[in-house]
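Student: This is the structure, below, for whatever I ask next.
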Amino acid sequence: MDEFVRADFDKKIDKVQELFEYFKKCPQKNNLYEIYLANGDFIRYRFNINNIPHLLGVDFTKLQSLKLINGKTSEDKLLSLIENKYSVGKAIINKSLYENEIFSRYFEDKVNNFKKILEIPDANNIKFICKYDREVNYKIKDIDGITGDYIIATENDNNDLVMFVLKKPDENNNYINDYVSPQSIRVLKDYENDMSKLAEIINKQVVTYSTGIVISNDYVGFSEKNAPRIAHISRILNYLTDLSENTGCIPCTIKGHKFNLKGLSNNKLQGYNDIDIDKNIVNCINNHSLIEFNNNEEEQIKPGELLLINNYNDNLVNENEKAKNKYSEIMNKYHEAIDNNSTLIEELKALKDELEALKNDNQKKDETINELNNYKNDYFRVSDEVNALCKTLIKRNN
């Protein structure tokens, strides 16, 4: 038994608490996931807060028997463990409890990849889905945490295989509508170079892929769908073939093949319709007009083309709206210029009137000056005449 280190124990409790709080706040907690499988199966699941402790690799059995925690639900028990971590640590020190009786031996893998399984699944990123039958491979009983009915395998950022295990409820739990419960997380490191561990799990087990996933959340009105691209289906079929040779698993994709074959049989007829649709699109683009179709034609348009058409129409409407706004802006400036011009004309007219008035005033001033000059000249003339007369009189008197 490894020596107990109090600081490491506290870190584990803190990590569990951190991820538990993360789950309570994440928007995915109320999502419903519905996954269609290429083998014909259909599964649906959603996360329940009472699944979380087990997904994080925490076991309450021994803790309850020693009465170190209390609570009826898994959530209450986990909160009690967090609250009483000091007493639990003391019990481990006293050897009445061992750490591996609380935490799974895969604890680090579970907590490090917990957020990975909360991500919205994408059919193009799933490596394989295993429909697990515990009766087929007895070795599974020796592998901790793998006792479920379905395994969804993806890769994390380190290229490790992350196996998300889902379990059907017991028969006496009213199993309806193909609901399964999240049960466990297992991680296989460097699995591509050593398939032996993976072979222990999926040998003689049925493996398949997802033909489509629907995600919905009634609480926030969210809905999303995704399906594998044709290129991905080709890769996954090759991958499942190689996986079968290396691990002894049994690929089953008959439902997916039937679906794809049905699609191929309709491709020729669809091709003729596509030509007419494409011609209409080209003509509308050349004429710079909205692309419109009737209801029957819309049903035949591919999702990608429909997205492009909607974007084109939106951009065309926006361009027209911008042109309309630009025209209004120019007209406003034109009317503003006319108003300004009228004001300038009025001001110019006023200036002309003022100038004319000044000219008239100047003319009157000139006339007055001329009159004064005439008076001045007359004055000097009379003055000269008077002076001359005075001189004449003086001479006579002498």
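Residues in the structure tokens are named by chain (A, B, ... in the order shown) and by number from 1 within that chain; ligands are numbered from 1 in the order shown.
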From a DSSP calculation on the backbone, collect every residue of segment 4-251 of chain A in alpha helix (DSSP H) and output the set as a count of residues only.

Tutor: 84

Student: Pick from A:Tyr219, A:Tyr209, A:Tyr191, A:Tyr22: nearest to Asn246 of chain A, with only C-alpha atoms counted?

Tutor: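 Under the stated criterion, the closest residue is A:Tyr191.
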
Student: For atom CA of Gln183 of chain A and atom CA of Ile215 of chain A, quote the distance in Å rounded to one decimal.

Tutor: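 Calculated distance between atom CA of Gln183 of chain A and atom CA of Ile215 of chain A is 19.4 Å.
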
Student: Which value, in Å to one decimal, gives the distance between atom CA of Asp76 of chain A and atom CA of Leu19 of chain A?

Tutor: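 So the answer is 15.4 Å.
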
Student: Give me, as JSON lines, each residue of segment 192-261 of chain A that comes within 9 Å of segment 117-138 of chain A, together with its shortest interatomic pair and the distance in Å at one decimal, counting only C-alpha atoms, with rows ordered by chain and rising residue number.

Tutor:
```
{"residue": "A:Glu200", "atom": "CA", "partner": "A:Asn137", "partner_atom": "CA", "distance": 8.1}
{"residue": "A:Ile201", "atom": "CA", "partner": "A:Asn137", "partner_atom": "CA", "distance": 7.7}
{"residue": "A:Ile202", "atom": "CA", "partner": "A:Cys130", "partner_atom": "CA", "distance": 7.3}
{"residue": "A:Asn203", "atom": "CA", "partner": "A:Asn137", "partner_atom": "CA", "distance": 7.2}
{"residue": "A:Lys204", "atom": "CA", "partner": "A:Val136", "partner_atom": "CA", "distance": 6.9}
{"residue": "A:Gln205", "atom": "CA", "partner": "A:Tyr132", "partner_atom": "CA", "distance": 6.0}
{"residue": "A:Val206", "atom": "CA", "partner": "A:Lys131", "partner_atom": "CA", "distance": 5.4}
{"residue": "A:Val207", "atom": "CA", "partner": "A:Cys130", "partner_atom": "CA", "distance": 4.3}
{"residue": "A:Thr208", "atom": "CA", "partner": "A:Ile129", "partner_atom": "CA", "distance": 5.3}
{"residue": "A:Tyr209", "atom": "CA", "partner": "A:Phe128", "partner_atom": "CA", "distance": 5.2}
{"residue": "A:Ser210", "atom": "CA", "partner": "A:Ala123", "partner_atom": "CA", "distance": 5.6}
{"residue": "A:Thr211", "atom": "CA", "partner": "A:Ala123", "partner_atom": "CA", "distance": 7.0}
{"residue": "A:Gly212", "atom": "CA", "partner": "A:Ala123", "partner_atom": "CA", "distance": 6.2}
{"residue": "A:Ile213", "atom": "CA", "partner": "A:Ala123", "partner_atom": "CA", "distance": 6.6}
{"residue": "A:Ile215", "atom": "CA", "partner": "A:Ile120", "partner_atom": "CA", "distance": 7.8}
{"residue": "A:Lys225", "atom": "CA", "partner": "A:Asp122", "partner_atom": "CA", "distance": 8.9}
{"residue": "A:Asn226", "atom": "CA", "partner": "A:Asp122", "partner_atom": "CA", "distance": 6.4}
{"residue": "A:Ala227", "atom": "CA", "partner": "A:Ala123", "partner_atom": "CA", "distance": 5.5}
{"residue": "A:Pro228", "atom": "CA", "partner": "A:Asn124", "partner_atom": "CA", "distance": 4.9}
{"residue": "A:Arg229", "atom": "CA", "partner": "A:Asn124", "partner_atom": "CA", "distance": 6.9}
{"residue": "A:His232", "atom": "CA", "partner": "A:Asn124", "partner_atom": "CA", "distance": 6.3}
{"residue": "A:Ile233", "atom": "CA", "partner": "A:Asn124", "partner_atom": "CA", "distance": 8.3}
{"residue": "A:Ile236", "atom": "CA", "partner": "A:Lys127", "partner_atom": "CA", "distance": 7.2}
{"residue": "A:Tyr239", "atom": "CA", "partner": "A:Lys127", "partner_atom": "CA", "distance": 8.2}
{"residue": "A:Leu240", "atom": "CA", "partner": "A:Phe128", "partner_atom": "CA", "distance": 7.5}
{"residue": "A:Cys249", "atom": "CA", "partner": "A:Cys130", "partner_atom": "CA", "distance": 8.9}
```

Student: Filtering to N, CA and C atoms, could you give me those residues as a short mmCIF file (atom, residue, chain, number, x, y, z; two decimals), in the first residue's frame?

Tutor:
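The resulting again-v9.cif:
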```
data_model
loop_
_atom_site.label_atom_id
_atom_site.label_comp_id
_atom_site.auth_asym_id
_atom_site.auth_seq_id
_atom_site.Cartn_x
_atom_site.Cartn_y
_atom_site.Cartn_z
N GLU A 200 -8.34 -6.48 -24.97
CA GLU A 200 -8.97 -7.10 -23.81
C GLU A 200 -10.41 -6.62 -23.63
N ILE A 201 -10.65 -5.40 -24.04
CA ILE A 201 -11.97 -4.81 -23.83
C ILE A 201 -12.93 -5.11 -24.97
N ILE A 202 -12.48 -4.98 -26.22
CA ILE A 202 -13.42 -5.07 -27.35
C ILE A 202 -13.28 -6.35 -28.17
N ASN A 203 -12.45 -7.29 -27.75
CA ASN A 203 -12.34 -8.57 -28.46
C ASN A 203 -13.71 -9.25 -28.51
N LYS A 204 -14.14 -9.64 -29.69
CA LYS A 204 -15.43 -10.30 -29.93
C LYS A 204 -16.64 -9.40 -29.65
N GLN A 205 -16.37 -8.10 -29.46
CA GLN A 205 -17.47 -7.16 -29.22
C GLN A 205 -17.84 -6.46 -30.53
N VAL A 206 -19.10 -6.06 -30.66
CA VAL A 206 -19.58 -5.36 -31.84
C VAL A 206 -19.15 -3.89 -31.78
N VAL A 207 -18.52 -3.43 -32.87
CA VAL A 207 -18.14 -2.01 -32.96
C VAL A 207 -18.81 -1.41 -34.20
N THR A 208 -19.11 -0.14 -34.12
CA THR A 208 -19.80 0.54 -35.22
C THR A 208 -19.46 2.02 -35.17
N TYR A 209 -20.20 2.83 -35.91
CA TYR A 209 -19.98 4.28 -35.88
C TYR A 209 -21.33 4.98 -35.83
N SER A 210 -21.32 6.29 -35.61
CA SER A 210 -22.56 7.06 -35.53
C SER A 210 -22.94 7.60 -36.91
N THR A 211 -24.20 7.39 -37.29
CA THR A 211 -24.69 7.93 -38.56
C THR A 211 -25.32 9.31 -38.37
N GLY A 212 -25.47 9.73 -37.12
CA GLY A 212 -26.02 11.07 -36.87
C GLY A 212 -26.26 11.29 -35.38
N ILE A 213 -26.12 12.54 -34.96
CA ILE A 213 -26.30 12.90 -33.55
C ILE A 213 -27.21 14.12 -33.47
N ILE A 215 -28.60 16.93 -30.68
CA ILE A 215 -28.41 17.49 -29.34
C ILE A 215 -29.49 18.53 -29.11
N LYS A 225 -27.65 19.42 -34.83
CA LYS A 225 -27.50 18.10 -35.43
C LYS A 225 -26.14 18.02 -36.11
N ASN A 226 -25.58 16.84 -36.14
CA ASN A 226 -24.38 16.62 -36.96
C ASN A 226 -24.36 15.19 -37.44
N ALA A 227 -23.74 14.97 -38.58
CA ALA A 227 -23.66 13.65 -39.19
C ALA A 227 -22.29 13.50 -39.84
N PRO A 228 -21.82 12.27 -40.01
CA PRO A 228 -20.49 12.08 -40.60
C PRO A 228 -20.46 12.46 -42.08
N ARG A 229 -19.37 13.10 -42.49
CA ARG A 229 -19.18 13.40 -43.90
C ARG A 229 -18.81 12.10 -44.65
N HIS A 232 -15.40 10.95 -44.10
CA HIS A 232 -15.18 10.36 -42.78
C HIS A 232 -15.70 8.91 -42.75
N ILE A 233 -16.85 8.66 -43.40
CA ILE A 233 -17.39 7.30 -43.41
C ILE A 233 -16.39 6.35 -44.06
N ILE A 236 -13.60 5.79 -41.52
CA ILE A 236 -14.00 5.00 -40.36
C ILE A 236 -14.18 3.53 -40.72
N TYR A 239 -10.83 2.17 -40.82
CA TYR A 239 -10.32 2.10 -39.44
C TYR A 239 -10.92 0.90 -38.70
N LEU A 240 -12.24 0.69 -38.86
CA LEU A 240 -12.89 -0.44 -38.18
C LEU A 240 -12.36 -1.78 -38.70
N CYS A 249 -12.34 -7.41 -32.69
CA CYS A 249 -13.71 -6.88 -32.58
C CYS A 249 -14.48 -7.19 -33.86
#
```

Student: Quick check, in Å to one decimal: how far apart do atom CA of Asn315 of chain A and atom CA of Leu290 of chain A lie?

Tutor: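 Separation of atom CA of Asn315 of chain A and atom CA of Leu290 of chain A: 9.9 Å.
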
Student: Which residues come within 8 Å of Lys62 of chain A, counting only C-alpha atoms, excluding same-chain residues fewer than 2 positions away, as a list in words?

Tutor: Asp59, Phe60, Gln64, Ser65, Leu66, Leu97, Glu101 and Ile102 of chain A

Student: Give me a file of those residues, with N, CA and C atoms, as a compact mmCIF listing (two decimals), in the first residue's frame.

Tutor:
```
# COMPACT_ATOMS: atom_id res chain seq x y z
N ASP A 59 -15.71 6.53 -4.81
CA ASP A 59 -16.55 5.46 -4.28
C ASP A 59 -16.90 5.78 -2.82
N PHE A 60 -18.18 5.66 -2.46
CA PHE A 60 -18.62 6.03 -1.11
C PHE A 60 -18.86 4.82 -0.21
N GLN A 64 -19.23 5.21 3.83
CA GLN A 64 -20.53 5.10 4.50
C GLN A 64 -20.52 4.07 5.61
N SER A 65 -19.83 2.95 5.35
CA SER A 65 -19.79 1.89 6.37
C SER A 65 -19.09 2.37 7.63
N LEU A 66 -18.12 3.27 7.47
CA LEU A 66 -17.42 3.83 8.63
C LEU A 66 -18.11 5.07 9.17
N LEU A 97 -9.00 3.10 7.03
CA LEU A 97 -9.48 3.35 5.67
C LEU A 97 -8.28 3.53 4.76
N GLU A 101 -9.74 2.86 -1.46
CA GLU A 101 -11.13 2.52 -1.20
C GLU A 101 -12.06 3.71 -1.47
N ILE A 102 -11.45 4.86 -1.74
CA ILE A 102 -12.22 6.07 -2.08
C ILE A 102 -12.06 6.41 -3.55
```

Student: Can you pull out every residue within 10 Å of Thr241 of chain A, counting only C-alpha atoms, but drop anything in the same chain fewer than 6 positions away, and send it as a list of chain:residue names?

Tutor: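 Non-adjacent residues within range: A:Arg235, A:Gly248, A:Cys249, A:Ile250, A:Pro251.
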
Student: Mind writing the picked residues with N, CA and C atoms as a short mmCIF file (atom, residue, chain, number, x, y, z; two decimals), in the first residue's frame?

Tutor:
```cif
data_model
loop_
_atom_site.label_atom_id
_atom_site.label_comp_id
_atom_site.auth_asym_id
_atom_site.auth_seq_id
_atom_site.Cartn_x
_atom_site.Cartn_y
_atom_site.Cartn_z
N ARG A 235 -13.14 6.71 -44.15
CA ARG A 235 -12.01 6.50 -43.23
C ARG A 235 -12.40 5.59 -42.07
N GLY A 248 -9.70 -8.14 -32.75
CA GLY A 248 -10.70 -9.21 -32.79
C GLY A 248 -12.12 -8.72 -32.60
N CYS A 249 -12.34 -7.41 -32.69
CA CYS A 249 -13.71 -6.88 -32.58
C CYS A 249 -14.48 -7.19 -33.86
N ILE A 250 -15.80 -6.99 -33.82
CA ILE A 250 -16.66 -7.34 -34.95
C ILE A 250 -17.35 -6.08 -35.46
N PRO A 251 -16.91 -5.53 -36.59
CA PRO A 251 -17.57 -4.34 -37.14
C PRO A 251 -18.97 -4.69 -37.63
#
```

Student: Nearest to Val58 of chain A among A:Met163, A:Val88, A:Val16, A:Ala38, with distances taken over only C-alpha atoms: which residue is it?

Tutor: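 Nearest candidate to Val58 of chain A out of A:Met163, A:Val88, A:Val16, A:Ala38: A:Val16.
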
Student: Can you tell me, as an mmCIF file with C-alpha atoms, in the first residue's frame, what residues are no more than 8 Å from segment 4-8 of chain A when counting only C-alpha atoms, ignoring any on the same chain fewer than 2 positions away?

Tutor:
```
data_model
loop_
_atom_site.group_PDB
_atom_site.id
_atom_site.type_symbol
_atom_site.label_atom_id
_atom_site.label_comp_id
_atom_site.auth_asym_id
_atom_site.auth_seq_id
_atom_site.Cartn_x
_atom_site.Cartn_y
_atom_site.Cartn_z
ATOM 1 C CA ASP A 2 1.398 3.370 -0.990
ATOM 2 C CA ASP A 10 -6.282 17.191 -0.305
ATOM 3 C CA LYS A 11 -5.397 17.939 -3.931
ATOM 4 C CA LYS A 12 -7.608 15.063 -5.085
ATOM 5 C CA GLY A 89 -7.753 11.867 5.943
ATOM 6 C CA ILE A 92 -6.565 6.911 6.367
ATOM 7 C CA ILE A 93 -3.639 7.836 8.619
ATOM 8 C CA GLU A 99 -7.163 5.829 -0.158
#
```

Student: Excluding segment 45-55 of chain A and its own-chain neighbours fewer than 2 positions away, which residues fall within 9 Å of it when counting only C-alpha atoms? Please give them as a ChimeraX atom specification.

Tutor: /A:16,19-20,23-24,28-35,43,57-59,73-78,110-111,114,118,166,178-185

Student: May I have the residues from that selection written out with C-alpha atoms, as a PDB file, in the first residue's frame?

Tutor:
```pdb
ATOM      1  CA  VAL A  16     -13.139  16.643  -7.433  1.00  0.00           C
ATOM      2  CA  LEU A  19     -14.928  19.602 -11.463  1.00  0.00           C
ATOM      3  CA  PHE A  20     -18.176  19.115  -9.573  1.00  0.00           C
ATOM      4  CA  PHE A  23     -20.415  20.630 -14.047  1.00  0.00           C
ATOM      5  CA  LYS A  24     -23.088  22.502 -12.085  1.00  0.00           C
ATOM      6  CA  GLN A  28     -24.242  21.037 -21.300  1.00  0.00           C
ATOM      7  CA  LYS A  29     -25.584  19.638 -18.036  1.00  0.00           C
ATOM      8  CA  ASN A  30     -29.185  19.806 -19.327  1.00  0.00           C
ATOM      9  CA  ASN A  31     -28.447  18.608 -22.868  1.00  0.00           C
ATOM     10  CA  LEU A  32     -30.158  15.545 -24.278  1.00  0.00           C
ATOM     11  CA  TYR A  33     -27.933  13.523 -26.635  1.00  0.00           C
ATOM     12  CA  GLU A  34     -29.511  11.158 -29.178  1.00  0.00           C
ATOM     13  CA  ILE A  35     -27.080   9.022 -31.169  1.00  0.00           C
ATOM     14  CA  ILE A  43     -29.145   5.488 -27.721  1.00  0.00           C
ATOM     15  CA  GLY A  57     -13.753   7.887  -9.792  1.00  0.00           C
ATOM     16  CA  VAL A  58     -15.104   8.388  -6.258  1.00  0.00           C
ATOM     17  CA  ASP A  59     -16.555   5.455  -4.275  1.00  0.00           C
ATOM     18  CA  THR A  73     -27.926  10.938  -2.954  1.00  0.00           C
ATOM     19  CA  SER A  74     -24.510  10.792  -4.580  1.00  0.00           C
ATOM     20  CA  GLU A  75     -24.467  14.567  -4.645  1.00  0.00           C
ATOM     21  CA  ASP A  76     -25.089  14.775  -0.895  1.00  0.00           C
ATOM     22  CA  LYS A  77     -22.428  12.140  -0.223  1.00  0.00           C
ATOM     23  CA  LEU A  78     -19.848  13.991  -2.319  1.00  0.00           C
ATOM     24  CA  LYS A 110     -10.938  10.250 -15.112  1.00  0.00           C
ATOM     25  CA  VAL A 111     -10.523  13.788 -13.751  1.00  0.00           C
ATOM     26  CA  PHE A 114     -13.933  14.661 -17.454  1.00  0.00           C
ATOM     27  CA  LEU A 118     -18.917  16.865 -21.470  1.00  0.00           C
ATOM     28  CA  LEU A 166     -22.714   4.277 -20.830  1.00  0.00           C
ATOM     29  CA  ASP A 178     -33.326   3.647 -25.019  1.00  0.00           C
ATOM     30  CA  TYR A 179     -32.002   5.912 -22.252  1.00  0.00           C
ATOM     31  CA  VAL A 180     -28.549   5.048 -20.940  1.00  0.00           C
ATOM     32  CA  SER A 181     -26.643   6.606 -18.056  1.00  0.00           C
ATOM     33  CA  PRO A 182     -23.063   7.930 -18.084  1.00  0.00           C
ATOM     34  CA  GLN A 183     -21.136   5.432 -16.004  1.00  0.00           C
ATOM     35  CA  SER A 184     -17.374   5.639 -16.355  1.00  0.00           C
ATOM     36  CA  ILE A 185     -14.301   7.037 -18.116  1.00  0.00           C
TER      37      ILE A 185
END
```
